[in-house]
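Below is one structure; the comments refer to it alone.
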Amino acid sequence: MTHKAQRPTLSQFHMPRRSFLAGSSALVALSTTTAGRAFADSQAAPPALGARDPKSLVVLVDAAVENLDPATNIEWAYGLRPIYETLTVLDGTDTLTVKPALATAWEANEDASSWTFTLAEGALFHDGTICDAEAIKKAVTRMVLHPAGLAGTWQLEDPETQIVVLDTHTIRFDLGEPRPFFDRQVSSQYGFWIASPTAAEANSKGDDDLGSEYLQSNPVGTGPFTLESLNPGQEAIFAADPGYRGGWEHDHFDRVITKTIPVSATRRQLLETGEADMSLALEPEDMLALRDDPRFTLSDTPTFTVQYVAFATDGILADPRARQAICHAFDHDAYIEEVILGTGDKPTSVFPSLMQGMDDKSRLLPFDLDRARALLAEAGIPEGTELTMAYYAGFGDIEGQLLQAWLSEIGINLQLQELSFSAYLDVFFGEGTAEERPDLFYFSWWPNVDHPYSFAWGLFSGDAATYDGNTGRYANEEATALIDAMRNQELTDEMAAKFQRLAGILTTEDPAWLPIMQERAQFVSRNDIAGIENNPIYVATLDMYNLSRKD
């Protein structure tokens, strides 16, 4: 089962690809509405391709494409999406509707505790083996049993008995409880991709590996692309699989070359000189410059990803008033408008504002240093108190410096602790005592599906531990009861009311977090690239199969 000291279970975190420019002098900012937008899509000729193959797409990213085993990849699904498939997939930009992928049809029993899927004919893994019901059972069982994997996503206690092969192309999942949106859960990018069990078994080094070391750099799925080459930290090349059952009758790319370029200015230069087609991450000033260049298109859409500061509630910040004080000490408007130049959205609570069941009400505590100072006094926290905030390199540094400056005005000395990503995860999900751990943690999170329980349980339930995502060891009896009441429930008006009440507790009354911003998916591409479509749940990935170059 899941090695809980290392891995989260239900929701999902990631390593966002961006760094902000503090004190930028740019005067023009992107709008911060929640609607998707496209800018500078015109008839202007894009930069010349030169000797580049027009059937190859060059994508620039600022993080390494590594670990291509879906059983253990909890960081970033960019490299998984072209190679693997899930049973279902979200339909376009809709977060509540799925369409066929490896499954062509599905139905639930009366109480939705058992789901039967009819599988696609002709689905083959890239190693030539058949993707049938037996193969999918083995792939899911491996996912559930892997000691460092994503077992909690499936919520299956005994996959051997709960997954039933009815015939070659029919499989049933007996879930043990009603799960009315299981068809959406299996469309998630984390824990639900189907990998070749034959490849995993043939290359397994034992029960602690189950083929993961091999699949991390030799992925075998059923998706439209195969991995042609992988140079970790530098380049990953994906090649169209001529045997893909979906066919290649439509306009498409034959190869997708993904280059890791850490510096935003370099990514912008490569776009402008015609050496690249698209960038998934740019600093605000570079984004703004290319937005207004008619040779390029900016695809700008909201996501369900929230960046936040989590409070350790078992130490100095145990009193809710102390946490309220810190929330009052962050100026969201100045941050959004002057620091990130409108490239992110102001949050309304600890939850994504687009999540089903959420209303339009903002529950953020307003920037008010006088109120913050009074609350600290009421909580018995004297001036000169020292707090520590941990973050990992390249993510949270600017936000930490801002919070540090504002807290200094009310007598709090905030020490910033930068860690490597792996060291940070050890602390964030670790078991240390309150005295051994930081007081604040900078991170980001998004749900596997558009449902508050998917986001809330691991982060805020009193029954969740640090290894689930509840790094602050937050426990509020009413909040836990509200979360439990929403487990696997459709979002009726009654459930929506519970959700909104929960948001008020977690954001305002007894804060678990200081929400900082909601990320936006902002991809800059040449204006001759077609087919870009971003689903808010599918964060920082591309549907490479449907991308093409216009004539």
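All residue names refer to the structure tokens as shown: chains lettered A, B, ... in order, residues numbered from 1 in each chain, ligands numbered from 1 in order.
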Env of Lys550 of chain A: 9 Å cut, atoms = only C-alpha atoms, seq-sep filter 6 positions within chain, self excluded. Answer as a short mmCIF file (atom, residue, chain, number, x, y, z; two decimals) with C-alpha atoms, in the first residue's frame.
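Heads up, here's the output in out14.cif:
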data_model
loop_
_atom_site.label_atom_id
_atom_site.label_comp_id
_atom_site.auth_asym_id
_atom_site.auth_seq_id
_atom_site.Cartn_x
_atom_site.Cartn_y
_atom_site.Cartn_z
CA ASP A 251 -3.59 17.57 -38.98
CA ASN A 527 0.26 32.16 -34.15
CA ASP A 528 0.46 29.24 -36.59
CA ILE A 529 -0.08 26.64 -33.84
CA ALA A 530 -3.64 25.30 -33.65
#
Considering only strand (DSSP E) as DSSP defines it on the backbone, what residues of segment 36-257 of chain A qualify? List them as a PyMOL selection string. chain A and resi 37-39+56-61+88-90+98-100+103-108+114-119+163-167+170-174+225-231+235-240+255-257
Generate a file of the selected residues that holds C-alpha atoms, formatted as a PDB file, in the first residue's frame.
ATOM      1  CA  ARG A  37      -8.638  34.518 -23.172  1.00  0.00           C
ATOM      2  CA  ALA A  38      -6.468  34.545 -26.276  1.00  0.00           C
ATOM      3  CA  PHE A  39      -4.352  37.563 -27.234  1.00  0.00           C
ATOM      4  CA  SER A  56       7.930  18.864 -35.351  1.00  0.00           C
ATOM      5  CA  LEU A  57       6.685  20.952 -32.435  1.00  0.00           C
ATOM      6  CA  VAL A  58       9.281  22.470 -30.098  1.00  0.00           C
ATOM      7  CA  VAL A  59       7.927  23.213 -26.608  1.00  0.00           C
ATOM      8  CA  LEU A  60       9.922  25.076 -23.961  1.00  0.00           C
ATOM      9  CA  VAL A  61       9.486  24.408 -20.243  1.00  0.00           C
ATOM     10  CA  THR A  88     -12.131   8.372 -19.477  1.00  0.00           C
ATOM     11  CA  VAL A  89     -10.966  11.911 -20.194  1.00  0.00           C
ATOM     12  CA  LEU A  90     -12.449  15.305 -19.377  1.00  0.00           C
ATOM     13  CA  VAL A  98     -16.039  13.011 -19.445  1.00  0.00           C
ATOM     14  CA  LYS A  99     -15.769  11.305 -22.797  1.00  0.00           C
ATOM     15  CA  PRO A 100     -14.345   7.933 -23.891  1.00  0.00           C
ATOM     16  CA  ALA A 103     -13.276   2.905 -22.138  1.00  0.00           C
ATOM     17  CA  THR A 104     -15.952   3.411 -24.787  1.00  0.00           C
ATOM     18  CA  ALA A 105     -18.957   3.077 -22.452  1.00  0.00           C
ATOM     19  CA  TRP A 106     -19.637   2.771 -18.738  1.00  0.00           C
ATOM     20  CA  GLU A 107     -22.509   2.392 -16.332  1.00  0.00           C
ATOM     21  CA  ALA A 108     -23.052   2.233 -12.595  1.00  0.00           C
ATOM     22  CA  SER A 114     -20.175  -0.716  -8.702  1.00  0.00           C
ATOM     23  CA  TRP A 115     -19.090   0.528 -12.121  1.00  0.00           C
ATOM     24  CA  THR A 116     -18.746  -1.479 -15.328  1.00  0.00           C
ATOM     25  CA  PHE A 117     -16.585  -0.249 -18.218  1.00  0.00           C
ATOM     26  CA  THR A 118     -16.616  -1.465 -21.811  1.00  0.00           C
ATOM     27  CA  LEU A 119     -13.114  -1.191 -23.237  1.00  0.00           C
ATOM     28  CA  ILE A 163     -11.680  -5.473  -9.778  1.00  0.00           C
ATOM     29  CA  VAL A 164     -13.580  -8.099 -11.740  1.00  0.00           C
ATOM     30  CA  VAL A 165     -12.749  -9.103 -15.325  1.00  0.00           C
ATOM     31  CA  LEU A 166     -16.097  -9.993 -16.919  1.00  0.00           C
ATOM     32  CA  ASP A 167     -14.694 -10.720 -20.379  1.00  0.00           C
ATOM     33  CA  THR A 170     -15.463  -5.613 -19.932  1.00  0.00           C
ATOM     34  CA  ILE A 171     -14.232  -4.787 -16.439  1.00  0.00           C
ATOM     35  CA  ARG A 172     -16.116  -4.035 -13.214  1.00  0.00           C
ATOM     36  CA  PHE A 173     -14.986  -2.083 -10.169  1.00  0.00           C
ATOM     37  CA  ASP A 174     -16.787  -3.006  -6.923  1.00  0.00           C
ATOM     38  CA  PHE A 225       2.971   9.167 -28.716  1.00  0.00           C
ATOM     39  CA  THR A 226       5.946   7.098 -27.641  1.00  0.00           C
ATOM     40  CA  LEU A 227       9.078   8.342 -25.951  1.00  0.00           C
ATOM     41  CA  GLU A 228      11.781   8.590 -28.600  1.00  0.00           C
ATOM     42  CA  SER A 229      14.492   9.858 -26.257  1.00  0.00           C
ATOM     43  CA  LEU A 230      14.887  11.314 -22.774  1.00  0.00           C
ATOM     44  CA  ASN A 231      17.777  13.435 -21.547  1.00  0.00           C
ATOM     45  CA  GLU A 235      15.169  17.334 -23.457  1.00  0.00           C
ATOM     46  CA  ALA A 236      12.381  14.805 -24.036  1.00  0.00           C
ATOM     47  CA  ILE A 237      11.289  13.823 -27.547  1.00  0.00           C
ATOM     48  CA  PHE A 238       7.914  12.226 -28.210  1.00  0.00           C
ATOM     49  CA  ALA A 239       7.183  10.512 -31.553  1.00  0.00           C
ATOM     50  CA  ALA A 240       3.749   9.805 -33.012  1.00  0.00           C
ATOM     51  CA  ARG A 255       7.281  14.703 -33.160  1.00  0.00           C
ATOM     52  CA  VAL A 256       7.106  16.908 -30.072  1.00  0.00           C
ATOM     53  CA  ILE A 257      10.469  18.079 -28.772  1.00  0.00           C
TER      54      ILE A 257
END
Find the spatial neighbours of Glu272 of chain A, counting only C-alpha atoms, within a cut-off of 9 Å - ignore same-chain residues fewer than 5 positions away - and output them as JSON, numbers by chain. {"A": [46, 47, 267, 290, 295, 296, 526]}
Extract the full set of helix (DSSP H, G or I) residues from segment 47-242 of chain A according to DSSP on the backbone, and format it as a VMD selection string. chain A and resid 133 to 145 151 to 154 159 to 162 182 to 185 197 to 202 212 to 217
Take the residues that were just selected and, keeping C-alpha atoms, output them as a PDB file, in the first residue's frame.
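The resulting file, part-v4.pdb, is shown below:
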ATOM      1  CA  ALA A 133      -9.579  -6.042 -19.156  1.00  0.00           C
ATOM      2  CA  GLU A 134      -6.980  -8.336 -17.614  1.00  0.00           C
ATOM      3  CA  ALA A 135      -4.181  -5.907 -18.438  1.00  0.00           C
ATOM      4  CA  ILE A 136      -6.074  -2.990 -16.920  1.00  0.00           C
ATOM      5  CA  LYS A 137      -6.743  -4.987 -13.744  1.00  0.00           C
ATOM      6  CA  LYS A 138      -3.030  -5.739 -13.432  1.00  0.00           C
ATOM      7  CA  ALA A 139      -2.078  -2.113 -14.124  1.00  0.00           C
ATOM      8  CA  VAL A 140      -4.478  -0.753 -11.496  1.00  0.00           C
ATOM      9  CA  THR A 141      -3.444  -3.420  -8.982  1.00  0.00           C
ATOM     10  CA  ARG A 142       0.181  -2.390  -9.434  1.00  0.00           C
ATOM     11  CA  MET A 143      -0.830   1.226  -8.847  1.00  0.00           C
ATOM     12  CA  VAL A 144      -2.648   0.353  -5.633  1.00  0.00           C
ATOM     13  CA  LEU A 145       0.046  -1.952  -4.255  1.00  0.00           C
ATOM     14  CA  ALA A 151      -2.872   4.003  -3.981  1.00  0.00           C
ATOM     15  CA  GLY A 152      -5.248   6.422  -2.289  1.00  0.00           C
ATOM     16  CA  THR A 153      -6.484   7.802  -5.591  1.00  0.00           C
ATOM     17  CA  TRP A 154      -8.344   4.556  -6.374  1.00  0.00           C
ATOM     18  CA  PRO A 159      -7.948  -4.771  -5.912  1.00  0.00           C
ATOM     19  CA  GLU A 160      -7.775  -8.526  -6.478  1.00  0.00           C
ATOM     20  CA  THR A 161     -11.399  -8.989  -5.392  1.00  0.00           C
ATOM     21  CA  GLN A 162     -12.744  -5.494  -6.115  1.00  0.00           C
ATOM     22  CA  PHE A 182     -16.207   7.543 -10.305  1.00  0.00           C
ATOM     23  CA  ASP A 183     -16.327   8.036 -14.083  1.00  0.00           C
ATOM     24  CA  ARG A 184     -14.776  11.469 -13.515  1.00  0.00           C
ATOM     25  CA  GLN A 185     -12.302  10.247 -10.921  1.00  0.00           C
ATOM     26  CA  PRO A 197       1.748  -4.575 -16.854  1.00  0.00           C
ATOM     27  CA  THR A 198       3.922  -6.773 -19.066  1.00  0.00           C
ATOM     28  CA  ALA A 199       6.677  -4.153 -19.162  1.00  0.00           C
ATOM     29  CA  ALA A 200       6.351  -3.561 -15.415  1.00  0.00           C
ATOM     30  CA  GLU A 201       6.507  -7.263 -14.538  1.00  0.00           C
ATOM     31  CA  ALA A 202       9.387  -8.022 -16.897  1.00  0.00           C
ATOM     32  CA  SER A 212       8.953   1.625 -11.574  1.00  0.00           C
ATOM     33  CA  GLU A 213      12.652   2.271 -12.097  1.00  0.00           C
ATOM     34  CA  TYR A 214      12.350   0.957 -15.650  1.00  0.00           C
ATOM     35  CA  LEU A 215       9.117   2.764 -16.526  1.00  0.00           C
ATOM     36  CA  GLN A 216      10.404   6.076 -15.210  1.00  0.00           C
ATOM     37  CA  SER A 217      12.656   6.357 -18.257  1.00  0.00           C
TER      38      SER A 217
END
